[in-house]
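Asker: Structure file coords-v5.pdb (PDB, C-alpha atoms) is given on the next line.
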```
ATOM      1  CA  MET J   1     -35.462 -15.398 -12.142
ATOM      2  CA  THR J   2     -32.687 -15.093  -9.579
ATOM      3  CA  LEU J   3     -31.496 -17.184  -6.673
ATOM      4  CA  GLN J   4     -32.303 -14.301  -4.336
ATOM      5  CA  GLN J   5     -35.922 -14.241  -5.524
ATOM      6  CA  LEU J   6     -36.183 -17.965  -4.834
ATOM      7  CA  LYS J   7     -34.869 -17.412  -1.316
ATOM      8  CA  TYR J   8     -37.505 -14.706  -0.746
ATOM      9  CA  ILE J   9     -40.222 -17.198  -1.737
ATOM     10  CA  ILE J  10     -38.941 -19.703   0.824
ATOM     11  CA  ALA J  11     -38.827 -16.996   3.497
ATOM     12  CA  LEU J  12     -42.427 -15.981   2.760
ATOM     13  CA  ASP J  13     -43.526 -19.603   2.961
ATOM     14  CA  ASN J  14     -41.691 -20.055   6.262
ATOM     15  CA  TYR J  15     -42.995 -16.922   8.009
ATOM     16  CA  ARG J  16     -46.235 -16.160   6.082
ATOM     17  CA  TYR J  17     -45.867 -12.438   6.826
ATOM     18  CA  SER J  18     -43.889 -10.240   4.465
ATOM     19  CA  VAL J  19     -42.522  -8.020   7.254
ATOM     20  CA  THR J  20     -41.148 -10.991   9.209
ATOM     21  CA  ALA J  21     -39.781 -12.607   6.044
ATOM     22  CA  ALA J  22     -38.027  -9.369   5.069
ATOM     23  CA  GLU J  23     -36.474  -9.004   8.523
ATOM     24  CA  ASN J  24     -35.041 -12.521   8.315
ATOM     25  CA  CYS J  25     -33.674 -11.830   4.828
ATOM     26  CA  PHE J  26     -32.156  -8.524   5.989
ATOM     27  CA  VAL J  27     -34.006  -6.501   3.331
ATOM     28  CA  SER J  28     -36.851  -4.016   3.406
ATOM     29  CA  GLN J  29     -40.406  -5.325   3.195
ATOM     30  CA  PRO J  30     -41.195  -3.335   0.010
ATOM     31  CA  ASN J  31     -38.099  -4.733  -1.720
ATOM     32  CA  LEU J  32     -38.947  -8.337  -0.835
ATOM     33  CA  THR J  33     -42.575  -7.901  -1.931
ATOM     34  CA  MET J  34     -41.517  -6.290  -5.209
ATOM     35  CA  GLN J  35     -39.060  -9.093  -6.045
ATOM     36  CA  VAL J  36     -41.610 -11.836  -5.355
ATOM     37  CA  ARG J  37     -44.243 -10.092  -7.485
ATOM     38  CA  LYS J  38     -41.674  -9.630 -10.247
ATOM     39  CA  LEU J  39     -40.995 -13.369 -10.252
ATOM     40  CA  GLU J  40     -44.703 -14.175 -10.283
ATOM     41  CA  GLU J  41     -45.142 -11.911 -13.302
ATOM     42  CA  GLU J  42     -42.173 -13.540 -15.043
ATOM     43  CA  ILE J  43     -43.532 -17.090 -14.697
ATOM     44  CA  GLY J  44     -47.195 -16.093 -15.012
ATOM     45  CA  VAL J  45     -48.260 -17.809 -11.784
ATOM     46  CA  THR J  46     -49.482 -16.366  -8.472
ATOM     47  CA  ILE J  47     -47.506 -18.152  -5.775
ATOM     48  CA  PHE J  48     -49.133 -16.627  -2.679
ATOM     49  CA  ASP J  49     -52.746 -15.750  -1.829
ATOM     50  CA  ARG J  50     -52.274 -12.363  -0.198
ATOM     51  CA  ASP J  51     -55.946 -11.953   0.742
ATOM     52  CA  LYS J  52     -55.515 -14.450   3.553
ATOM     53  CA  ARG J  53     -53.868 -13.563   6.867
ATOM     54  CA  PRO J  54     -51.393 -15.059   7.331
ATOM     55  CA  MET J  55     -50.846 -15.420   3.596
ATOM     56  CA  LYS J  56     -50.878 -18.924   2.131
ATOM     57  CA  PRO J  57     -49.458 -20.456  -1.016
ATOM     58  CA  THR J  58     -51.854 -21.072  -3.865
ATOM     59  CA  PRO J  59     -52.223 -24.695  -5.028
ATOM     60  CA  ALA J  60     -49.833 -23.980  -7.895
ATOM     61  CA  GLY J  61     -47.619 -22.055  -5.488
ATOM     62  CA  GLU J  62     -47.251 -25.091  -3.218
ATOM     63  CA  LYS J  63     -45.837 -27.143  -6.090
ATOM     64  CA  ILE J  64     -43.508 -24.311  -7.080
ATOM     65  CA  ILE J  65     -42.294 -23.879  -3.496
ATOM     66  CA  GLU J  66     -41.563 -27.613  -3.273
ATOM     67  CA  LYS J  67     -39.350 -27.397  -6.363
ATOM     68  CA  VAL J  68     -37.712 -24.175  -5.141
ATOM     69  CA  ARG J  69     -36.740 -25.865  -1.859
ATOM     70  CA  LYS J  70     -35.047 -28.634  -3.837
ATOM     71  CA  ILE J  71     -33.216 -26.045  -5.940
ATOM     72  CA  ILE J  72     -32.017 -24.192  -2.826
ATOM     73  CA  ASP J  73     -30.816 -27.484  -1.308
ATOM     74  CA  GLU J  74     -28.908 -28.301  -4.502
ATOM     75  CA  VAL J  75     -27.327 -24.846  -4.515
ATOM     76  CA  ASP J  76     -26.264 -25.277  -0.879
ATOM     77  CA  ASP J  77     -24.780 -28.684  -1.717
ATOM     78  CA  LEU J  78     -22.899 -27.130  -4.637
ATOM     79  CA  LYS J  79     -21.506 -24.376  -2.426
ATOM     80  CA  ALA J  80     -20.376 -26.959   0.134
ATOM     81  CA  PHE J  81     -18.729 -29.014  -2.609
ATOM     82  CA  VAL J  82     -16.887 -25.995  -4.012
ATOM     83  CA  SER J  83     -15.776 -24.975  -0.518
ATOM     84  CA  ASN J  84     -14.430 -28.475   0.194
ATOM     85  CA  GLU J  85     -12.777 -28.555  -3.221
ATOM     86  CA  LYS J  86     -10.969 -25.292  -2.527
ATOM     87  CA  GLU J  87      -9.767 -26.522   0.854
ATOM     88  CA  SER J  88      -8.760 -30.007  -0.263
ATOM     89  CA  LEU J  89      -5.069 -30.872  -0.559
ATOM     90  CA  THR J  90      -5.713 -34.432  -1.708
ATOM     91  CA  GLY J  91      -4.838 -35.663  -5.174
ATOM     92  CA  GLU J  92      -2.216 -35.749  -7.913
ATOM     93  CA  PHE J  93      -1.171 -32.446  -9.452
ATOM     94  CA  GLN J  94       0.887 -31.638 -12.536
ATOM     95  CA  VAL J  95       3.431 -28.892 -11.824
ATOM     96  CA  GLY J  96       5.776 -27.002 -14.133
ATOM     97  CA  ILE J  97       8.846 -25.115 -12.921
ATOM     98  CA  ILE J  98      11.457 -23.179 -14.891
ATOM     99  CA  PRO J  99      15.023 -24.609 -14.920
ATOM    100  CA  THR J 100      16.584 -21.554 -13.249
ATOM    101  CA  LEU J 101      14.376 -22.125 -10.181
ATOM    102  CA  ALA J 102      14.100 -25.905  -9.908
ATOM    103  CA  PRO J 103      17.551 -26.957  -8.580
ATOM    104  CA  TYR J 104      17.761 -24.125  -6.066
ATOM    105  CA  LEU J 105      14.179 -23.756  -4.811
ATOM    106  CA  LEU J 106      12.698 -27.271  -4.808
ATOM    107  CA  PRO J 107      15.191 -28.782  -2.310
ATOM    108  CA  ARG J 108      14.489 -25.935   0.102
ATOM    109  CA  PHE J 109      10.717 -26.305   0.476
ATOM    110  CA  LEU J 110       9.558 -29.556  -1.155
ATOM    111  CA  PRO J 111      10.498 -32.063   1.616
ATOM    112  CA  SER J 112       8.683 -30.001   4.237
ATOM    113  CA  PHE J 113       5.649 -29.430   2.007
ATOM    114  CA  LEU J 114       5.252 -33.138   1.228
ATOM    115  CA  ALA J 115       5.748 -34.138   4.870
ATOM    116  CA  GLN J 116       2.972 -31.765   5.922
ATOM    117  CA  ASN J 117       0.656 -32.902   3.110
ATOM    118  CA  PRO J 118       1.007 -36.687   2.743
ATOM    119  CA  ASP J 119      -2.131 -36.958   0.563
ATOM    120  CA  THR J 120      -0.699 -34.578  -2.034
ATOM    121  CA  HIS J 121       1.269 -36.060  -4.933
ATOM    122  CA  LEU J 122       3.139 -33.681  -7.227
ATOM    123  CA  LYS J 123       4.365 -34.629 -10.704
ATOM    124  CA  ILE J 124       6.965 -31.956 -11.420
ATOM    125  CA  GLN J 125       8.494 -31.098 -14.795
ATOM    126  CA  GLU J 126      11.192 -28.601 -15.696
ATOM    127  CA  LEU J 127       9.779 -26.490 -18.509
ATOM    128  CA  GLN J 128      10.487 -23.119 -20.055
ATOM    129  CA  THR J 129       8.063 -20.283 -19.393
ATOM    130  CA  GLU J 130       6.248 -20.451 -22.730
ATOM    131  CA  GLN J 131       5.712 -24.196 -22.284
ATOM    132  CA  ILE J 132       4.238 -23.669 -18.818
ATOM    133  CA  ILE J 133       1.864 -20.985 -20.113
ATOM    134  CA  SER J 134       0.745 -23.214 -22.990
ATOM    135  CA  GLN J 135       0.201 -26.269 -20.785
ATOM    136  CA  LEU J 136      -1.714 -24.290 -18.160
ATOM    137  CA  LYS J 137      -4.084 -23.114 -20.875
ATOM    138  CA  SER J 138      -4.514 -26.618 -22.309
ATOM    139  CA  GLY J 139      -5.070 -28.221 -18.900
ATOM    140  CA  MET J 140      -1.916 -30.347 -19.028
ATOM    141  CA  LEU J 141      -0.545 -28.520 -15.964
ATOM    142  CA  ASP J 142      -2.379 -27.586 -12.766
ATOM    143  CA  PHE J 143       0.016 -24.848 -11.695
ATOM    144  CA  GLY J 144       3.550 -23.610 -12.167
ATOM    145  CA  LEU J 145       6.470 -21.830 -10.539
ATOM    146  CA  LEU J 146       8.085 -19.189 -12.699
ATOM    147  CA  VAL J 147       9.025 -15.543 -13.118
ATOM    148  CA  THR J 148       6.309 -12.930 -13.581
ATOM    149  CA  PRO J 149       4.527 -10.791 -14.623
ATOM    150  CA  LEU J 150       3.151 -12.761 -17.562
ATOM    151  CA  ASN J 151       0.289 -10.415 -18.500
ATOM    152  CA  GLU J 152      -1.928 -13.369 -19.422
ATOM    153  CA  ASN J 153      -5.627 -12.719 -18.756
ATOM    154  CA  SER J 154      -6.481 -16.408 -18.287
ATOM    155  CA  ILE J 155      -3.681 -17.041 -15.768
ATOM    156  CA  ARG J 156      -3.578 -15.725 -12.227
ATOM    157  CA  GLU J 157      -0.338 -15.001 -10.412
ATOM    158  CA  LEU J 158       0.393 -15.421  -6.707
ATOM    159  CA  THR J 159       3.635 -13.537  -6.063
ATOM    160  CA  VAL J 160       5.898 -15.329  -3.572
ATOM    161  CA  PHE J 161       9.237 -13.481  -3.469
ATOM    162  CA  TYR J 162      11.707 -11.172  -5.181
ATOM    163  CA  GLU J 163      15.071 -12.814  -5.872
ATOM    164  CA  PRO J 164      18.126 -10.580  -6.425
ATOM    165  CA  PHE J 165      20.410 -10.922  -9.426
ATOM    166  CA  LEU J 166      24.089 -11.123  -8.424
ATOM    167  CA  LEU J 167      27.246 -10.901 -10.513
ATOM    168  CA  TYR J 168      29.411 -14.042 -10.608
ATOM    169  CA  LEU J 169      32.930 -13.257 -11.841
ATOM    170  CA  PRO J 170      36.586 -14.346 -11.572
ATOM    171  CA  ASP J 171      38.323 -13.273  -8.352
ATOM    172  CA  HIS J 172      40.913 -11.272 -10.296
ATOM    173  CA  HIS J 173      38.408  -9.350 -12.437
ATOM    174  CA  GLU J 174      38.450  -5.573 -11.990
ATOM    175  CA  LEU J 175      34.725  -5.526 -11.148
ATOM    176  CA  ALA J 176      35.434  -7.862  -8.214
ATOM    177  CA  GLN J 177      37.087  -4.932  -6.459
ATOM    178  CA  LYS J 178      34.069  -2.635  -6.776
ATOM    179  CA  GLU J 179      31.552  -2.378  -3.968
ATOM    180  CA  PRO J 180      28.768  -1.640  -4.565
ATOM    181  CA  LEU J 181      28.561  -2.556  -8.217
ATOM    182  CA  ASP J 182      26.782  -0.441 -10.839
ATOM    183  CA  SER J 183      24.946  -2.474 -13.501
ATOM    184  CA  ASN J 184      25.918   0.181 -16.067
ATOM    185  CA  GLU J 185      29.483  -1.143 -15.844
ATOM    186  CA  LEU J 186      28.507  -4.531 -17.272
ATOM    187  CA  ASN J 187      29.514  -5.372 -20.824
ATOM    188  CA  ALA J 188      27.478  -7.954 -22.735
ATOM    189  CA  ASN J 189      30.633  -8.837 -24.680
ATOM    190  CA  GLU J 190      32.066 -10.372 -21.502
ATOM    191  CA  MET J 191      28.846 -11.782 -20.086
ATOM    192  CA  LEU J 192      27.878 -15.436 -20.399
ATOM    193  CA  VAL J 193      24.120 -15.971 -20.699
ATOM    194  CA  LEU J 194      21.758 -18.909 -20.993
ATOM    195  CA  GLU J 195      20.552 -20.088 -24.383
ATOM    196  CA  GLU J 196      17.483 -18.523 -25.967
ATOM    197  CA  GLY J 197      14.119 -19.543 -24.544
ATOM    198  CA  HIS J 198      15.109 -18.955 -20.917
ATOM    199  CA  CYS J 199      13.498 -15.909 -19.326
ATOM    200  CA  PHE J 200      16.612 -15.528 -17.156
ATOM    201  CA  ARG J 201      18.647 -14.837 -20.302
ATOM    202  CA  GLU J 202      16.397 -11.954 -21.344
ATOM    203  CA  GLN J 203      16.360 -10.478 -17.867
ATOM    204  CA  ALA J 204      20.157 -10.689 -17.631
ATOM    205  CA  LEU J 205      20.502  -8.856 -20.939
ATOM    206  CA  ASN J 206      17.973  -6.257 -19.802
ATOM    207  CA  ILE J 207      20.196  -5.520 -16.801
ATOM    208  CA  CYS J 208      23.231  -5.106 -19.043
ATOM    209  CA  LYS J 209      23.049  -1.769 -20.856
ATOM    210  CA  ASN J 210      25.999  -2.393 -23.188
ATOM    211  CA  ARG J 211      24.618  -5.143 -25.432
ATOM    212  CA  GLN J 212      27.214  -6.092 -28.022
ATOM    213  CA  SER J 213      27.824  -9.151 -30.139
ATOM    214  CA  SER J 214      29.661 -12.098 -28.594
ATOM    215  CA  ALA J 215      31.673 -12.632 -31.798
ATOM    216  CA  SER J 216      34.757 -10.783 -30.553
ATOM    217  CA  ARG J 217      34.943 -13.105 -27.550
ATOM    218  CA  GLY J 218      36.261 -15.932 -29.709
ATOM    219  CA  PHE J 219      33.457 -18.401 -28.979
ATOM    220  CA  ASP J 220      29.690 -18.640 -28.623
ATOM    221  CA  TYR J 221      28.477 -21.006 -25.900
ATOM    222  CA  HIS J 222      24.866 -22.182 -25.606
ATOM    223  CA  SER J 223      23.801 -23.650 -22.265
ATOM    224  CA  GLY J 224      20.599 -24.144 -20.303
ATOM    225  CA  SER J 225      22.456 -24.483 -17.006
ATOM    226  CA  ILE J 226      23.464 -21.706 -14.643
ATOM    227  CA  ASP J 227      25.911 -24.080 -12.955
ATOM    228  CA  ALA J 228      27.642 -24.678 -16.318
ATOM    229  CA  LEU J 229      28.098 -20.926 -16.767
ATOM    230  CA  LYS J 230      29.481 -20.643 -13.228
ATOM    231  CA  GLY J 231      31.990 -23.371 -14.055
ATOM    232  CA  LEU J 232      33.308 -21.400 -17.019
ATOM    233  CA  VAL J 233      33.583 -18.251 -14.921
ATOM    234  CA  ARG J 234      35.589 -20.084 -12.259
ATOM    235  CA  HIS J 235      38.095 -20.899 -14.996
ATOM    236  CA  GLY J 236      38.426 -17.265 -15.990
ATOM    237  CA  VAL J 237      36.016 -17.142 -18.942
ATOM    238  CA  GLY J 238      33.923 -13.968 -18.699
ATOM    239  CA  TYR J 239      31.305 -13.369 -16.012
ATOM    240  CA  THR J 240      27.625 -14.116 -15.599
ATOM    241  CA  LEU J 241      24.540 -13.103 -13.658
ATOM    242  CA  VAL J 242      23.093 -15.606 -11.206
ATOM    243  CA  PRO J 243      19.975 -15.786  -9.012
ATOM    244  CA  GLU J 244      20.846 -15.427  -5.343
ATOM    245  CA  LEU J 245      19.406 -18.834  -4.384
ATOM    246  CA  SER J 246      22.117 -20.446  -6.526
ATOM    247  CA  VAL J 247      24.941 -18.887  -4.474
ATOM    248  CA  LEU J 248      23.590 -18.683  -0.912
ATOM    249  CA  ASP J 249      26.668 -20.507   0.388
ATOM    250  CA  GLU J 250      29.020 -18.178  -1.547
ATOM    251  CA  LEU J 251      27.638 -14.739  -0.665
ATOM    252  CA  ASN J 252      30.790 -13.634   1.146
ATOM    253  CA  ALA J 253      33.156 -14.882  -1.559
ATOM    254  CA  PRO J 254      35.074 -12.322  -3.675
ATOM    255  CA  HIS J 255      33.632 -13.754  -6.895
ATOM    256  CA  VAL J 256      30.040 -12.854  -5.925
ATOM    257  CA  ARG J 257      29.006  -9.200  -6.045
ATOM    258  CA  ARG J 258      25.784  -7.356  -5.269
ATOM    259  CA  PHE J 259      24.534  -4.422  -7.283
ATOM    260  CA  SER J 260      23.999  -0.966  -5.857
ATOM    261  CA  PRO J 261      20.400   0.104  -5.066
ATOM    262  CA  PRO J 262      17.947  -0.186  -6.620
ATOM    263  CA  GLU J 263      19.030  -3.820  -6.723
ATOM    264  CA  PRO J 264      17.757  -5.789  -9.755
ATOM    265  CA  VAL J 265      15.409  -8.640  -8.812
ATOM    266  CA  ARG J 266      13.140 -11.145 -10.487
ATOM    267  CA  GLU J 267       9.571 -11.653  -9.285
ATOM    268  CA  VAL J 268       8.866 -15.338  -8.578
ATOM    269  CA  SER J 269       5.242 -16.468  -8.491
ATOM    270  CA  ILE J 270       2.958 -19.472  -8.352
ATOM    271  CA  VAL J 271       0.716 -19.364 -11.420
ATOM    272  CA  ALA J 272      -2.467 -21.247 -12.269
ATOM    273  CA  HIS J 273      -5.259 -21.077 -14.795
ATOM    274  CA  ASN J 274      -8.276 -19.100 -13.618
ATOM    275  CA  SER J 275     -10.300 -22.332 -13.570
ATOM    276  CA  PHE J 276      -8.019 -24.056 -11.023
ATOM    277  CA  SER J 277     -10.021 -24.365  -7.786
ATOM    278  CA  LYS J 278      -7.542 -25.690  -5.199
ATOM    279  CA  GLU J 279      -6.923 -22.365  -3.464
ATOM    280  CA  ALA J 280      -5.726 -23.986  -0.234
ATOM    281  CA  LEU J 281      -3.048 -25.936  -2.115
ATOM    282  CA  LEU J 282      -1.618 -22.798  -3.711
ATOM    283  CA  GLU J 283      -1.671 -20.913  -0.414
ATOM    284  CA  LYS J 284      -0.027 -23.819   1.416
ATOM    285  CA  MET J 285       2.771 -23.966  -1.151
ATOM    286  CA  HIS J 286       3.156 -20.179  -1.010
ATOM    287  CA  ASP J 287       3.612 -20.318   2.773
ATOM    288  CA  ASN J 288       6.054 -23.250   2.626
ATOM    289  CA  ILE J 289       8.223 -21.493   0.056
ATOM    290  CA  LEU J 290       8.293 -18.275   2.091
ATOM    291  CA  ALA J 291       9.380 -20.205   5.180
ATOM    292  CA  SER J 292      12.287 -21.754   3.253
ATOM    293  CA  ILE J 293      13.938 -18.632   1.832
ATOM    294  CA  PRO J 294      15.713 -15.598   3.312
ATOM    295  CA  GLU J 295      13.282 -13.062   4.754
ATOM    296  CA  ARG J 296      14.865 -10.268   2.704
ATOM    297  CA  PHE J 297      13.420 -11.852  -0.453
ATOM    298  CA  GLN J 298       9.952 -10.694   0.601
ATOM    299  CA  LYS J 299      10.702  -6.974   0.263
ATOM    300  CA  MET J 300      10.861  -4.684  -2.760
ATOM    301  CA  HIS J 301      12.389  -1.721  -0.914
ATOM    302  CA  LYS J 302      15.327  -0.227  -2.861
ATOM    303  CA  ARG J 303      14.924  -2.825  -5.587
ATOM    304  CA  ARG J 304      13.808  -2.816  -9.213
ATOM    305  CA  ARG J 305      11.929  -5.622 -10.879
ATOM    306  CA  ILE J 306      13.451  -6.686 -14.188
ATOM    307  CA  GLU J 307      10.729  -7.170 -16.774
ATOM    308  CA  LEU J 308      10.324 -10.097 -19.135
ATOM    309  CA  ASN J 309      10.350  -9.845 -22.923
ATOM    310  CA  TYR J 310       7.723 -11.940 -24.717
TER     311      TYR J 310
END
```
Go ahead and render the structure in this file as structure tokens.
Answerer:
Amino acid sequence: MTLQQLKYIIALDNYRYSVTAAENCFVSQPNLTMQVRKLEEEIGVTIFDRDKRPMKPTPAGEKIIEKVRKIIDEVDDLKAFVSNEKESLTGEFQVGIIPTLAPYLLPRFLPSFLAQNPDTHLKIQELQTEQIISQLKSGMLDFGLLVTPLNENSIRELTVFYEPFLLYLPDHHELAQKEPLDSNELNANEMLVLEEGHCFREQALNICKNRQSSASRGFDYHSGSIDALKGLVRHGVGYTLVPELSVLDELNAPHVRRFSPPEPVREVSIVAHNSFSKEALLEKMHDNILASIPERFQKMHKRRRIELNY
């Protein structure tokens, strides 16, 4: 028994002629007749008396048709509910965002998003990628903002932009004089990176080909803050990689350097569990974020996406 078969029964009851019913269902008359007969055989009841012209429901058929109409009405109500649910922006939503995005992205788009959607309340937490994935699967989070691809079958990804990695280094460093900069010239022995657990750390190390131990540097510093690493660099301690959003007001400074094409970038996406139904909310946030960032972030031309290691 299928929903389409039930709709054919209603059409036959409405028009009483199989040709007219088929035309209004946009199918051939033989196909409609075959499907109705198939249903009758399945339930063991003749719904229509075909010896009469126009055809009429049998006594048992009238009772079946009455129930079918109620089923069709319920299905229509369900479709309307789902449609409204997808379009609704009302409610409280749990959101996770990785620490290397939160301080630089949220101030750019969040005020505008909330002003445009006063019935939307967001409870935002800074979490590492693995925590966001886990809490999306458990239902503790509704959606997240992080770096992709995740390659998780139960989580869908809505790519928003591609953010370049830039080199942040002391003004007097020899690499500060090179333009453009080749990532092959980076030395992990000089590079400051975030502590383990941050996807940005792994991507930064993936960009750096010469991965050595930090022991010869004289110290080992663990930090979860890009701004803390920048502070060390400004005092002449090594160099670090930063996301472009963190240095938008410093792009022309000598201590910020771009890489030669293909420029390394990270893919930033909105992610949600496959069961999350508020499509309009995700699309609205996607559009607000795009409007708040440089247009060049939307393009992948002459760029290379740095993969994640999980």
Asker: Nearest residue to Glu66 in chain J out of J:Leu105, J:Val36, J:Leu6, J:Leu166, using only C-alpha atoms?
Answerer: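 Residue with the minimum atom-to-atom distance to Glu66 in chain J: J:Leu6.
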Asker: Could you list, as a PDB file with C-alpha atoms, in the frame of the given file, every residue matched by the PyMOL selection byres ((chain J and resi 131-144) around 12) in this structure?
Answerer:
```pdb
ATOM      1  CA  GLY J  91      -4.838 -35.663  -5.174  1.00  0.00           C
ATOM      2  CA  GLU J  92      -2.216 -35.749  -7.913  1.00  0.00           C
ATOM      3  CA  PHE J  93      -1.171 -32.446  -9.452  1.00  0.00           C
ATOM      4  CA  GLN J  94       0.887 -31.638 -12.536  1.00  0.00           C
ATOM      5  CA  VAL J  95       3.431 -28.892 -11.824  1.00  0.00           C
ATOM      6  CA  GLY J  96       5.776 -27.002 -14.133  1.00  0.00           C
ATOM      7  CA  ILE J  97       8.846 -25.115 -12.921  1.00  0.00           C
ATOM      8  CA  ILE J  98      11.457 -23.179 -14.891  1.00  0.00           C
ATOM      9  CA  PRO J  99      15.023 -24.609 -14.920  1.00  0.00           C
ATOM     10  CA  LEU J 101      14.376 -22.125 -10.181  1.00  0.00           C
ATOM     11  CA  ALA J 102      14.100 -25.905  -9.908  1.00  0.00           C
ATOM     12  CA  LEU J 122       3.139 -33.681  -7.227  1.00  0.00           C
ATOM     13  CA  LYS J 123       4.365 -34.629 -10.704  1.00  0.00           C
ATOM     14  CA  ILE J 124       6.965 -31.956 -11.420  1.00  0.00           C
ATOM     15  CA  GLN J 125       8.494 -31.098 -14.795  1.00  0.00           C
ATOM     16  CA  GLU J 126      11.192 -28.601 -15.696  1.00  0.00           C
ATOM     17  CA  LEU J 127       9.779 -26.490 -18.509  1.00  0.00           C
ATOM     18  CA  GLN J 128      10.487 -23.119 -20.055  1.00  0.00           C
ATOM     19  CA  THR J 129       8.063 -20.283 -19.393  1.00  0.00           C
ATOM     20  CA  GLU J 130       6.248 -20.451 -22.730  1.00  0.00           C
ATOM     21  CA  LEU J 145       6.470 -21.830 -10.539  1.00  0.00           C
ATOM     22  CA  LEU J 146       8.085 -19.189 -12.699  1.00  0.00           C
ATOM     23  CA  VAL J 147       9.025 -15.543 -13.118  1.00  0.00           C
ATOM     24  CA  THR J 148       6.309 -12.930 -13.581  1.00  0.00           C
ATOM     25  CA  PRO J 149       4.527 -10.791 -14.623  1.00  0.00           C
ATOM     26  CA  LEU J 150       3.151 -12.761 -17.562  1.00  0.00           C
ATOM     27  CA  ASN J 151       0.289 -10.415 -18.500  1.00  0.00           C
ATOM     28  CA  GLU J 152      -1.928 -13.369 -19.422  1.00  0.00           C
ATOM     29  CA  ASN J 153      -5.627 -12.719 -18.756  1.00  0.00           C
ATOM     30  CA  SER J 154      -6.481 -16.408 -18.287  1.00  0.00           C
ATOM     31  CA  ILE J 155      -3.681 -17.041 -15.768  1.00  0.00           C
ATOM     32  CA  ARG J 156      -3.578 -15.725 -12.227  1.00  0.00           C
ATOM     33  CA  GLU J 157      -0.338 -15.001 -10.412  1.00  0.00           C
ATOM     34  CA  LEU J 158       0.393 -15.421  -6.707  1.00  0.00           C
ATOM     35  CA  THR J 159       3.635 -13.537  -6.063  1.00  0.00           C
ATOM     36  CA  GLY J 197      14.119 -19.543 -24.544  1.00  0.00           C
ATOM     37  CA  HIS J 198      15.109 -18.955 -20.917  1.00  0.00           C
ATOM     38  CA  CYS J 199      13.498 -15.909 -19.326  1.00  0.00           C
ATOM     39  CA  VAL J 268       8.866 -15.338  -8.578  1.00  0.00           C
ATOM     40  CA  SER J 269       5.242 -16.468  -8.491  1.00  0.00           C
ATOM     41  CA  ILE J 270       2.958 -19.472  -8.352  1.00  0.00           C
ATOM     42  CA  VAL J 271       0.716 -19.364 -11.420  1.00  0.00           C
ATOM     43  CA  ALA J 272      -2.467 -21.247 -12.269  1.00  0.00           C
ATOM     44  CA  HIS J 273      -5.259 -21.077 -14.795  1.00  0.00           C
ATOM     45  CA  ASN J 274      -8.276 -19.100 -13.618  1.00  0.00           C
ATOM     46  CA  SER J 275     -10.300 -22.332 -13.570  1.00  0.00           C
ATOM     47  CA  PHE J 276      -8.019 -24.056 -11.023  1.00  0.00           C
ATOM     48  CA  SER J 277     -10.021 -24.365  -7.786  1.00  0.00           C
ATOM     49  CA  LYS J 278      -7.542 -25.690  -5.199  1.00  0.00           C
ATOM     50  CA  GLU J 279      -6.923 -22.365  -3.464  1.00  0.00           C
ATOM     51  CA  LEU J 281      -3.048 -25.936  -2.115  1.00  0.00           C
ATOM     52  CA  LEU J 282      -1.618 -22.798  -3.711  1.00  0.00           C
ATOM     53  CA  MET J 285       2.771 -23.966  -1.151  1.00  0.00           C
ATOM     54  CA  HIS J 286       3.156 -20.179  -1.010  1.00  0.00           C
ATOM     55  CA  TYR J 310       7.723 -11.940 -24.717  1.00  0.00           C
TER      56      TYR J 310
END
```
Asker: In Å, rounded to a single decimal, give me how far CA of Ser260 in chain J is from CA of Pro180 in chain J.
Answerer: 5.0 Å
Asker: For the point (-41.7, -20.3, -7.2) in file coordinates, what residues are within 8 Å, counting all atoms listed in the file? Give the answer as a PDB file with C-alpha atoms, keeping the file's coordinate frame?
Answerer:
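The result, stored in result.pdb:
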```
ATOM      1  CA  LEU J   6     -36.183 -17.965  -4.834  1.00  0.00           C
ATOM      2  CA  ILE J   9     -40.222 -17.198  -1.737  1.00  0.00           C
ATOM      3  CA  LEU J  39     -40.995 -13.369 -10.252  1.00  0.00           C
ATOM      4  CA  GLU J  40     -44.703 -14.175 -10.283  1.00  0.00           C
ATOM      5  CA  ILE J  47     -47.506 -18.152  -5.775  1.00  0.00           C
ATOM      6  CA  GLY J  61     -47.619 -22.055  -5.488  1.00  0.00           C
ATOM      7  CA  ILE J  64     -43.508 -24.311  -7.080  1.00  0.00           C
ATOM      8  CA  ILE J  65     -42.294 -23.879  -3.496  1.00  0.00           C
ATOM      9  CA  LYS J  67     -39.350 -27.397  -6.363  1.00  0.00           C
ATOM     10  CA  VAL J  68     -37.712 -24.175  -5.141  1.00  0.00           C
TER      11      VAL J  68
END
```
Asker: Between CA of Glu263 in chain J and CA of Tyr168 in chain J, what is the spacing in Å?
Answerer: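 Between these atoms lies a distance of 15.1 Å.
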Asker: Translate the PyMOL selection byres ((chain J and resi 186) around 10) into a concrete residue list for this structure, as a ChimeraX atom specification.
Answerer: /J:167,175,181-185,187-191,205,207-211,239-240
Asker: Report, in Å to a single decimal, how far apart CA of Lys38 in chain J and CA of Asp13 in chain J are.
Answerer: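 Distance between the two atoms: 16.7 Å.
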